[in-house]
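Enquirer: What follows is a structure written as structure tokens; I'll ask about it next.
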Amino acid sequence: MASHAPFTDSDTADEAVRATCDDASTCKRFATSKGYWSDPYIQYFVRQTGERKAPEINRGYYARVQGVNHLLDAFLQKTQCDCQVVNLGAGLDTSFWRLKAENTLPKKYFEVDFPMIVARKIHHIKAKSQLSKPLIETHSSDSLLLDGHSLDSDRYCIIGADLRDISSLEEKLRKFQINTELPTLFVSECVLVYMNPEQSYRLVHWAADTFHTAMFINYEQVNMADRFGQIMIENLQRRQCNLAGVDVCQSLDSQKERFLSTGWESVNALDMMTVYSLLPQDDMSRIERLEFLDEKELLQQLLQHYSICWAVKDALSLGISQIGF
Ligand SMILES: C[S@@+](CC[C@H](N)C(=O)[O-])C[C@H]1O[C@@H](n2cnc3c(N)ncnc32)[C@H](O)[C@@H]1O
């Protein structure tokens, strides 16, 4: 009879963290169904649930996706796509397909998440031609390297790994031909907050230490010491989800400090209220007409509790430190 290791608290905690992947994708799918932005691929990863999301949540996701995409696209433009992207804790993110459709793919697009999430993502890709066809089109040979927990092709690679285990992460990225000489963009969207500060410092330090020309975009909570932040923490704790990294989410300065003390040359951070006000105004007027917002205060509070922080190292002097809003 097969013996199974008993479940531990850390298994339960990791399971709750993995569940956040569905939350993010379900919210993104709902917002796209309302017309906030277009994502023809997300429908193949998550089903539309009957549950409606509040207009504040939809606008928050709009700002998140537009904000991150703005920096990602600027990096691809500055490097003329002669670069790599590594999406850490990518979940069911669909950026690879967007970039393929827009003809702005980097040399190679990597994603990392827990093996269980990666297995699900690979299952969807294999089952749906709308996902697998664009991938095959970017691949030179007939066969893709595919096993349950990783997928590798010329331009797209998904790796099952725990981001808290740097040596195993690095070994897997090298196995799939990450090139430390190429300009490299790291993206983490609501991911570092689930690791303790020591673990996330180690991860961003490793990135700065290993790549001479790089940018790191981190989207996550900020201003978490106030009452609203406390309620956000309690809501997640009720679902067994612990924000182990919340100490780094106290302020924009604490967000910046993580990068400044780990070898990055320059760092910027903005709360999402500011990002929201800097997004293109014509699209903003469009999305603000999509759903009626009773009162603006809740949206403002929500946006003030998330941030984008981006850090740069530019040994090749490509001008990536000029990237911003
Ligand atoms: C809130 S979801 C965000 C997913 C995606 N970045 C997005 O914005 O749609 C957080 C993701 O980070 C992943 N994650 C968190 N901690 C991780 C770790 N230690 N190793 C690998 N993945 C992790 C989770 O499995 C989950 O898919």
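Ligands are numbered from 1 in the order shown, residues from 1 within each chain, and chains are lettered A, B, ... in the order they appear in the structure tokens.
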Please write out the residues within 10 Å of ligand 1 as number ranges by chain, counting only C-alpha atoms and all ligand atoms.

Expert: A: 14-28, 61, 64-65, 68, 87-95, 111-118, 159-165, 169, 187-196, 199-200, 218-220

Enquirer: Which residues are near A:Glu297? Cut-off 10 Å, only C-alpha atoms, ignore same chain within fewer than 5 positions. Put them as a VMD selection string.

Expert: chain A and resid 56 302 to 303

Enquirer: Which residue out of A:Arg52, A:His305, A:Arg98, A:Arg258 has the minimum interatomic distance to A:Leu72 when only C-alpha atoms are used?

Expert: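 That would be A:Arg98, the residue with the smallest distance to A:Leu72.
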
Enquirer: Quick one: everything within 10 Å of A:Ile178, counting only C-alpha atoms, minus sequence neighbours fewer than 5 positions away in the same chain. Send it as a PDB file with N, CA, C and O atoms, in the first residue's frame.

Expert:
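After the write, result28.pdb holds the following:
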ATOM      1  N   GLN A  84      14.490  38.468 -22.318  1.00  0.00           N
ATOM      2  CA  GLN A  84      13.665  37.383 -21.768  1.00  0.00           C
ATOM      3  C   GLN A  84      12.699  37.990 -20.765  1.00  0.00           C
ATOM      4  O   GLN A  84      12.992  39.022 -20.171  1.00  0.00           O
ATOM      5  N   VAL A  85      11.572  37.315 -20.566  1.00  0.00           N
ATOM      6  CA  VAL A  85      10.651  37.682 -19.494  1.00  0.00           C
ATOM      7  C   VAL A  85      10.505  36.465 -18.589  1.00  0.00           C
ATOM      8  O   VAL A  85      10.392  35.336 -19.085  1.00  0.00           O
ATOM      9  N   VAL A  86      10.564  36.682 -17.290  1.00  0.00           N
ATOM     10  CA  VAL A  86      10.348  35.586 -16.337  1.00  0.00           C
ATOM     11  C   VAL A  86       9.202  36.009 -15.430  1.00  0.00           C
ATOM     12  O   VAL A  86       9.361  36.910 -14.600  1.00  0.00           O
ATOM     13  N   LYS A 108      12.540  34.612 -25.205  1.00  0.00           N
ATOM     14  CA  LYS A 108      11.884  33.497 -24.525  1.00  0.00           C
ATOM     15  C   LYS A 108      11.078  34.025 -23.340  1.00  0.00           C
ATOM     16  O   LYS A 108      11.539  34.907 -22.618  1.00  0.00           O
ATOM     17  N   TYR A 109       9.895  33.478 -23.185  1.00  0.00           N
ATOM     18  CA  TYR A 109       8.986  33.879 -22.100  1.00  0.00           C
ATOM     19  C   TYR A 109       8.883  32.704 -21.113  1.00  0.00           C
ATOM     20  O   TYR A 109       8.417  31.622 -21.473  1.00  0.00           O
ATOM     21  N   PHE A 110       9.378  32.920 -19.890  1.00  0.00           N
ATOM     22  CA  PHE A 110       9.347  31.874 -18.863  1.00  0.00           C
ATOM     23  C   PHE A 110       8.246  32.163 -17.849  1.00  0.00           C
ATOM     24  O   PHE A 110       8.003  33.329 -17.519  1.00  0.00           O
ATOM     25  N   CYS A 157       8.167  28.746 -21.952  1.00  0.00           N
ATOM     26  CA  CYS A 157       8.553  27.672 -21.040  1.00  0.00           C
ATOM     27  C   CYS A 157       7.808  27.839 -19.715  1.00  0.00           C
ATOM     28  O   CYS A 157       7.752  28.955 -19.175  1.00  0.00           O
ATOM     29  N   GLU A 170      16.953  28.121  -9.852  1.00  0.00           N
ATOM     30  CA  GLU A 170      18.015  28.458 -10.802  1.00  0.00           C
ATOM     31  C   GLU A 170      18.380  27.248 -11.665  1.00  0.00           C
ATOM     32  O   GLU A 170      18.548  27.359 -12.876  1.00  0.00           O
ATOM     33  N   GLU A 171      18.470  26.084 -11.027  1.00  0.00           N
ATOM     34  CA  GLU A 171      18.813  24.865 -11.776  1.00  0.00           C
ATOM     35  C   GLU A 171      17.790  24.613 -12.894  1.00  0.00           C
ATOM     36  O   GLU A 171      18.151  24.299 -14.030  1.00  0.00           O
ATOM     37  N   LYS A 172      16.499  24.791 -12.558  1.00  0.00           N
ATOM     38  CA  LYS A 172      15.459  24.528 -13.563  1.00  0.00           C
ATOM     39  C   LYS A 172      15.494  25.573 -14.674  1.00  0.00           C
ATOM     40  O   LYS A 172      15.356  25.240 -15.853  1.00  0.00           O
ATOM     41  N   LEU A 173      15.684  26.847 -14.309  1.00  0.00           N
ATOM     42  CA  LEU A 173      15.747  27.884 -15.352  1.00  0.00           C
ATOM     43  C   LEU A 173      16.931  27.631 -16.286  1.00  0.00           C
ATOM     44  O   LEU A 173      16.835  27.797 -17.497  1.00  0.00           O
ATOM     45  N   THR A 184      16.754  40.940 -18.965  1.00  0.00           N
ATOM     46  CA  THR A 184      15.697  40.055 -18.449  1.00  0.00           C
ATOM     47  C   THR A 184      14.722  40.822 -17.566  1.00  0.00           C
ATOM     48  O   THR A 184      15.140  41.563 -16.676  1.00  0.00           O
TER      49      THR A 184
END

Enquirer: Using only C-alpha atoms, pick whichever of A:His124, A:Lys107, A:Arg238, A:Lys133 has the shortest atom-to-atom distance to A:Gln80.

Expert: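 Selected residue with least distance to A:Gln80: A:Lys107.
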
Enquirer: To test your reading of the structure, identify every residue in stretch 1-133 of chain A that backbone DSSP assigns to helix (DSSP H, G or I), and report it as number ranges by chain.

Expert: A: 9-33, 42-44, 55-78, 95-101, 115-127, 129-133

Enquirer: To one decimal in Å, tell me the separation between atom CA of A:Phe228 and atom CA of A:Ser251.

Expert: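 Separating atom CA of A:Phe228 from atom CA of A:Ser251 is a distance of 13.7 Å.
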